[in-house]
Structure formats: structure tokens, C-alpha cells
Amino acid sequence: MQSYQNQNVLFVTTKNLDYLRNTQEIRLIEQTAKSVTVLGSREKSYAKRLLHVYGKLCTMSMKPFDAVFLGFAPQLVLPLFAHRFRKKTVDIDFFISVYDTMVCDRKKLRPGSLGAKFYHWIDTRTLKLADHVVSDTNAHGDYFSAEFGKARSAIETLYLDADTSIYYPRPQVKPPELKEQFIVLYFGSVLPVQGVDVIMQAMALLADDPRIHFYFIGPVDQKVTPTESPNITYIRWLSQPELAERISQADLCLAGHFNKENGKANRTIPGKAYIYEAMKKPMILGDNAATRERYTDGMPGITFVEMGSPEALRDGILQCMKESGYTE
């Protein structure tokens, strides 16, 4: 993060105030700024948070501030309120591209359609209006510059953090019935970028191996057809403290991303990787330029596998299992 030495900074976010990316950025800005004023809302409804922020930006004075930092989804704020930020330094966290997410990743709109062109314009416009841009990986920064025409020199990388008040190393205590088994854990919201179909196929390939037990945590019943096997436990949802306890039970965690065809999957480091790292858990990562920005083959507990290949994921799990001392 750039320095805000002797500056009064307005931090604006439409995401919930305790969202980890918000707290990470506010903490870093506070390290150099003269003062930081946070504009956000504690409303649970996103629409209500957005309206609260819009109302405040329409009425509050901008005179006290030297710089404005727009957190989550600056596309919803900057194009509408750029006139209010005149003569201020405007920095944004371009963590998510609306165009990339809705058109390329989730495929809600066809490329070239009127809606897709609008999303591309709003991303381009937001980046053009910003003085400085924060991205989550170098690969993402390269993409944003090439796709939306922002000077690469104006984009810096800020990797995510894990909430270490929840996710920290702790003793591994397995359930008694799984004490002798190698526990492999995956959690996620089952988005296309994650490549859950690859995980399902890999679990199917290992369904008859009695040495292994899988925890799959996420709303899989709504998104894909689950692999059925006695050695798989599906859990639809856990609170963060409960999730941390499950992770602590695991011998190996699957980070991803495993979707080879998804451009975003190749440009991002999955957020769960930072959680596994904080808890010092061995993990399997999809092999791409983004994950190799932060992790290397020589790091303890790090295994890369080819993206898009259930067989490669299966082999990676078996290799990690062997290295952990589990034998045939």
C-alpha cells in the first residue's frame, strides 16, 4: 500500500465493515495517514448499505480529506461520485471486475451483448477515474491493465490476509471414528472459478480407498451433482469458528483453483489458501502464475497439481498421503 503521510483519508466501502479486506486496508492506511474516516454501514442488507453510503456521499463535506480510498466494488461508487472527489487523490481496490465476473466467470451474459458492453464500460470508467489501483495478484493486475486500458504502473498488488483471530494453528484432534484415516478437506461457495467438478471427480476416483475421508464443506447440493461415497462427509454450512475446527482436524486441505478453462481461476489465489497458510496446514494448489507468485515448490506443505485434471488431483492427494506416512 502506498503512503498517506500527513493526509486525512476517507475510506468508503459498501461491503460489511468487518469484511476482512476492509479491515486489512484500513489497518495499512492507518499506519501512515494523519487520520482515517470510515464511511460504511452495519446494515445486513447490501441495498441498505449502498443507500446509506450514497446518502452520506451526497451530503457530507469533502473539504477535510486529502485522499479517498474506495474499498469493495468501487464500480458502484466512483462513476457516480467522481465529481465529489475533485482535487482529491482517489485510490481503489479493484478486487473484482464486474465484466470478468459476470461475463467470463459466471457466464451470466454473452460476450458482445449490450449488458456485457455496459459492464466492460463501467470497469473501464472506474479504473480511468482512479489515481491508484490495488489488485490481489500480479496476474490480475496484468489482466486489468490489458483488458481495461489502465497503466500497469498505476496498479499494485496487495495479497489477502486471513483472520488470525479465528484461523491459527492448533493441535490436530480427529473424531474417534476417523482417527486412523487421512482426512482431506475442501470448503467453498461452489463457484465456477473453483472447479468443484474436478474435486468431485477426484473424490470419485478415491471413493473406494478406505484410508481416506473427505470433508466437503459448502452448498454443493445447489450447484453440482455430489459424488456419493461412505468416505465423504458433506457439510452445507459452518460458522467461521466451526470451520477452523474442521480445518484443524484435516491432514490435507484443497485450495485450488482447479477450473483450467476459467480465466479468473488462472489469475487469482483462492482466499482459502491464506486460511490454510495461517493454520499451517498442508495444501494442494492449482498450478498457475498467480499461485506461484506467493507459493513455491520448496515451501513445506505446498503441492501443485495441473488444473482441470481429476487424475492429477487424485495423484497429488495420494502423494501427500504417502509423504505423511500413510502406506498401502
# chains A, B, ... in the order shown; residues from 1 in each chain; ligands from 1
>>> residues_around(residues="Asp297 in chain A", least_positions_apart="5", cutoff="12 Å", atoms="only C-alpha atoms", output="ChimeraX atom specification")
/A:283-285,287,291-292,302-305
>>> select_by_dssp(residues="range 248-328 of chain A", states="strand (DSSP E or B)", output="list in words")
Leu252, Cys253, Leu254, Ala255, Gly256, Met283, Ile284, Leu285, Gly286, Ile302, Thr303, Phe304 and Val305 of chain A
>>> write_last_selection(atoms="C-alpha atoms", output="compact mmCIF listing (two decimals), in the first residue's frame")
# COMPACT_ATOMS: atom_id res chain seq x y z
CA LEU A 252 -4.52 -32.11 3.86
CA CYS A 253 -6.54 -29.18 2.52
CA LEU A 254 -7.56 -28.49 -1.08
CA ALA A 255 -7.10 -24.86 -2.04
CA GLY A 256 -7.47 -24.77 -5.84
CA MET A 283 -2.46 -27.79 0.88
CA ILE A 284 -2.85 -28.55 -2.81
CA LEU A 285 -2.89 -25.58 -5.18
CA GLY A 286 -3.81 -25.36 -8.84
CA ILE A 302 2.81 -26.94 -0.67
CA THR A 303 1.83 -29.22 -3.57
CA PHE A 304 0.91 -28.00 -7.06
CA VAL A 305 -1.25 -30.02 -9.45
>>> residues_around(residues="Leu205 in chain A", least_positions_apart="6", cutoff="10 Å", atoms="only C-alpha atoms", output="mmCIF file with N, CA, C and O atoms, in the first residue's frame")
data_model
loop_
_atom_site.group_PDB
_atom_site.id
_atom_site.type_symbol
_atom_site.label_atom_id
_atom_site.label_comp_id
_atom_site.auth_asym_id
_atom_site.auth_seq_id
_atom_site.Cartn_x
_atom_site.Cartn_y
_atom_site.Cartn_z
ATOM 1 N N ILE A 199 -12.933 -31.588 -8.311
ATOM 2 C CA ILE A 199 -12.832 -32.173 -6.969
ATOM 3 C C ILE A 199 -13.759 -33.374 -6.847
ATOM 4 O O ILE A 199 -13.379 -34.421 -6.311
ATOM 5 N N THR A 227 -20.652 -36.421 -5.500
ATOM 6 C CA THR A 227 -20.185 -37.801 -5.523
ATOM 7 C C THR A 227 -20.628 -38.485 -4.240
ATOM 8 O O THR A 227 -20.422 -37.957 -3.154
ATOM 9 N N PRO A 310 -8.814 -34.262 -12.815
ATOM 10 C CA PRO A 310 -9.133 -35.053 -11.618
ATOM 11 C C PRO A 310 -8.040 -36.069 -11.307
ATOM 12 O O PRO A 310 -7.757 -36.343 -10.131
ATOM 13 N N GLU A 311 -7.421 -36.612 -12.329
ATOM 14 C CA GLU A 311 -6.364 -37.607 -12.121
ATOM 15 C C GLU A 311 -5.147 -36.969 -11.450
ATOM 16 O O GLU A 311 -4.533 -37.573 -10.559
ATOM 17 N N LEU A 313 -5.218 -34.327 -9.529
ATOM 18 C CA LEU A 313 -5.597 -34.043 -8.156
ATOM 19 C C LEU A 313 -5.564 -35.311 -7.319
ATOM 20 O O LEU A 313 -5.074 -35.316 -6.184
ATOM 21 N N ARG A 314 -6.085 -36.410 -7.860
ATOM 22 C CA ARG A 314 -6.017 -37.700 -7.158
ATOM 23 C C ARG A 314 -4.575 -38.057 -6.834
ATOM 24 O O ARG A 314 -4.253 -38.418 -5.686
ATOM 25 N N ASP A 315 -3.700 -37.948 -7.826
ATOM 26 C CA ASP A 315 -2.301 -38.307 -7.622
ATOM 27 C C ASP A 315 -1.636 -37.398 -6.593
ATOM 28 O O ASP A 315 -0.801 -37.842 -5.791
#
>>> closest_residue(among="A:Asp142, A:Glu293, A:Glu147, A:Glu43", to="Ile269 in chain A", atoms="only C-alpha atoms")
A:Glu293
>>> select_by_dssp(residues="range 41-162 of chain A", states="alpha helix (DSSP H)", output="number ranges by chain")
A: 46-59, 78-81, 98-99, 114-129, 138-148
>>> closest_residue(among="A:Lys108, A:His257, A:His132, A:Arg42", to="Tyr19 in chain A", atoms="only C-alpha atoms")
A:Arg42
>>> closest_residue(among="A:Ser41, A:Thr14, A:Ser153, A:Ser35", to="Leu70 in chain A", atoms="only C-alpha atoms")
A:Thr14
>>> residues_around(residues="Phe11 in chain A", least_positions_apart="5", cutoff="7 Å", atoms="only C-alpha atoms", output="MDAnalysis selection string")
chainID A and resid 36:39 68:70
>>> residues_around(residues="Ala116 in chain A", least_positions_apart="3", cutoff="12 Å", atoms="only C-alpha atoms", output="ChimeraX atom specification")
/A:97-104,107-113,119-123
>>> closest_residue(among="A:Gly141, A:Asp209, A:Tyr186, A:Pro270", to="Ile235 in chain A", atoms="only C-alpha atoms")
A:Tyr186
>>> residues_around(residues="Thr32 in chain A", least_positions_apart="5", cutoff="6 Å", atoms="only C-alpha atoms", output="list of chain:residue names")
A:Ser3, A:Tyr4, A:Gln5
>>> residues_around(residues="Asp105 in chain A", least_positions_apart="5", cutoff="7 Å", atoms="only C-alpha atoms", output="PyMOL selection string")
chain A and resi 100+192-193+262+264
>>> write_last_selection(atoms="C-alpha atoms", output="mmCIF file, in the first residue's frame")
data_model
loop_
_atom_site.group_PDB
_atom_site.id
_atom_site.type_symbol
_atom_site.label_atom_id
_atom_site.label_comp_id
_atom_site.auth_asym_id
_atom_site.auth_seq_id
_atom_site.Cartn_x
_atom_site.Cartn_y
_atom_site.Cartn_z
ATOM 1 C CA ASP A 100 -14.876 -10.606 -15.797
ATOM 2 C CA PRO A 192 -17.404 -21.874 -11.307
ATOM 3 C CA VAL A 193 -13.913 -20.471 -10.713
ATOM 4 C CA ASN A 262 -11.777 -20.187 -16.336
ATOM 5 C CA LYS A 264 -10.133 -15.798 -13.417
#
>>> decode(residues="range 140-161 of chain A", atoms="N, CA, C and O atoms", output="compact mmCIF listing (two decimals), in the first residue's frame")
# COMPACT_ATOMS: atom_id res chain seq x y z
N HIS A 140 -3.63 -10.64 -11.91
CA HIS A 140 -4.86 -9.88 -12.05
C HIS A 140 -4.56 -8.46 -12.51
O HIS A 140 -5.27 -7.90 -13.37
N GLY A 141 -3.51 -7.86 -11.95
CA GLY A 141 -3.13 -6.53 -12.37
C GLY A 141 -2.78 -6.47 -13.85
O GLY A 141 -3.14 -5.52 -14.55
N ASP A 142 -2.07 -7.49 -14.33
CA ASP A 142 -1.74 -7.57 -15.76
C ASP A 142 -3.01 -7.62 -16.60
O ASP A 142 -3.11 -6.95 -17.64
N TYR A 143 -3.97 -8.41 -16.15
CA TYR A 143 -5.23 -8.56 -16.90
C TYR A 143 -6.02 -7.25 -16.90
O TYR A 143 -6.51 -6.82 -17.96
N PHE A 144 -6.13 -6.60 -15.76
CA PHE A 144 -6.89 -5.36 -15.68
C PHE A 144 -6.27 -4.29 -16.58
O PHE A 144 -6.98 -3.52 -17.23
N SER A 145 -4.95 -4.24 -16.62
CA SER A 145 -4.28 -3.26 -17.48
C SER A 145 -4.52 -3.56 -18.95
O SER A 145 -4.87 -2.67 -19.73
N ALA A 146 -4.37 -4.82 -19.34
CA ALA A 146 -4.53 -5.19 -20.75
C ALA A 146 -5.99 -5.09 -21.21
O ALA A 146 -6.26 -4.62 -22.33
N GLU A 147 -6.93 -5.50 -20.35
CA GLU A 147 -8.34 -5.55 -20.76
C GLU A 147 -9.02 -4.19 -20.71
O GLU A 147 -9.84 -3.87 -21.57
N PHE A 148 -8.66 -3.37 -19.71
CA PHE A 148 -9.41 -2.13 -19.50
C PHE A 148 -8.57 -0.87 -19.71
O PHE A 148 -9.06 0.24 -19.50
N GLY A 149 -7.31 -1.04 -20.13
CA GLY A 149 -6.52 0.11 -20.55
C GLY A 149 -5.93 0.96 -19.45
O GLY A 149 -5.53 2.11 -19.71
N LYS A 150 -5.84 0.43 -18.23
CA LYS A 150 -5.22 1.18 -17.14
C LYS A 150 -3.71 0.97 -17.18
O LYS A 150 -3.23 -0.15 -17.36
N ALA A 151 -2.96 2.04 -16.99
CA ALA A 151 -1.50 1.93 -16.99
C ALA A 151 -1.07 0.93 -15.91
O ALA A 151 -1.50 1.02 -14.76
N ARG A 152 -0.22 -0.02 -16.30
CA ARG A 152 0.20 -1.06 -15.35
C ARG A 152 0.94 -0.46 -14.16
O ARG A 152 0.87 -1.00 -13.04
N SER A 153 1.62 0.65 -14.37
CA SER A 153 2.38 1.28 -13.29
C SER A 153 1.48 1.85 -12.20
O SER A 153 1.95 2.13 -11.09
N ALA A 154 0.19 2.02 -12.51
CA ALA A 154 -0.76 2.57 -11.53
C ALA A 154 -1.42 1.48 -10.69
O ALA A 154 -2.25 1.77 -9.84
N ILE A 155 -1.07 0.21 -10.96
CA ILE A 155 -1.70 -0.92 -10.26
C ILE A 155 -0.66 -1.62 -9.39
O ILE A 155 0.40 -2.03 -9.88
N GLU A 156 -0.96 -1.76 -8.11
CA GLU A 156 -0.07 -2.50 -7.22
C GLU A 156 -0.80 -3.72 -6.66
O GLU A 156 -2.03 -3.80 -6.68
N THR A 157 -0.04 -4.67 -6.17
CA THR A 157 -0.60 -5.91 -5.63
C THR A 157 -0.61 -5.88 -4.12
O THR A 157 0.39 -5.54 -3.48
N LEU A 158 -1.76 -6.22 -3.56
CA LEU A 158 -1.90 -6.41 -2.12
C LEU A 158 -2.56 -7.76 -1.90
O LEU A 158 -3.75 -7.93 -2.18
N TYR A 159 -1.79 -8.73 -1.44
CA TYR A 159 -2.34 -10.06 -1.22
C TYR A 159 -3.29 -10.05 -0.03
O TYR A 159 -3.19 -9.20 0.87
N LEU A 160 -4.21 -10.99 -0.03
CA LEU A 160 -5.20 -11.06 1.04
C LEU A 160 -4.56 -11.49 2.35
O LEU A 160 -3.44 -12.02 2.38
N ASP A 161 -5.29 -11.31 3.42
CA ASP A 161 -4.93 -11.80 4.74
C ASP A 161 -5.96 -12.82 5.18
O ASP A 161 -7.09 -12.83 4.70
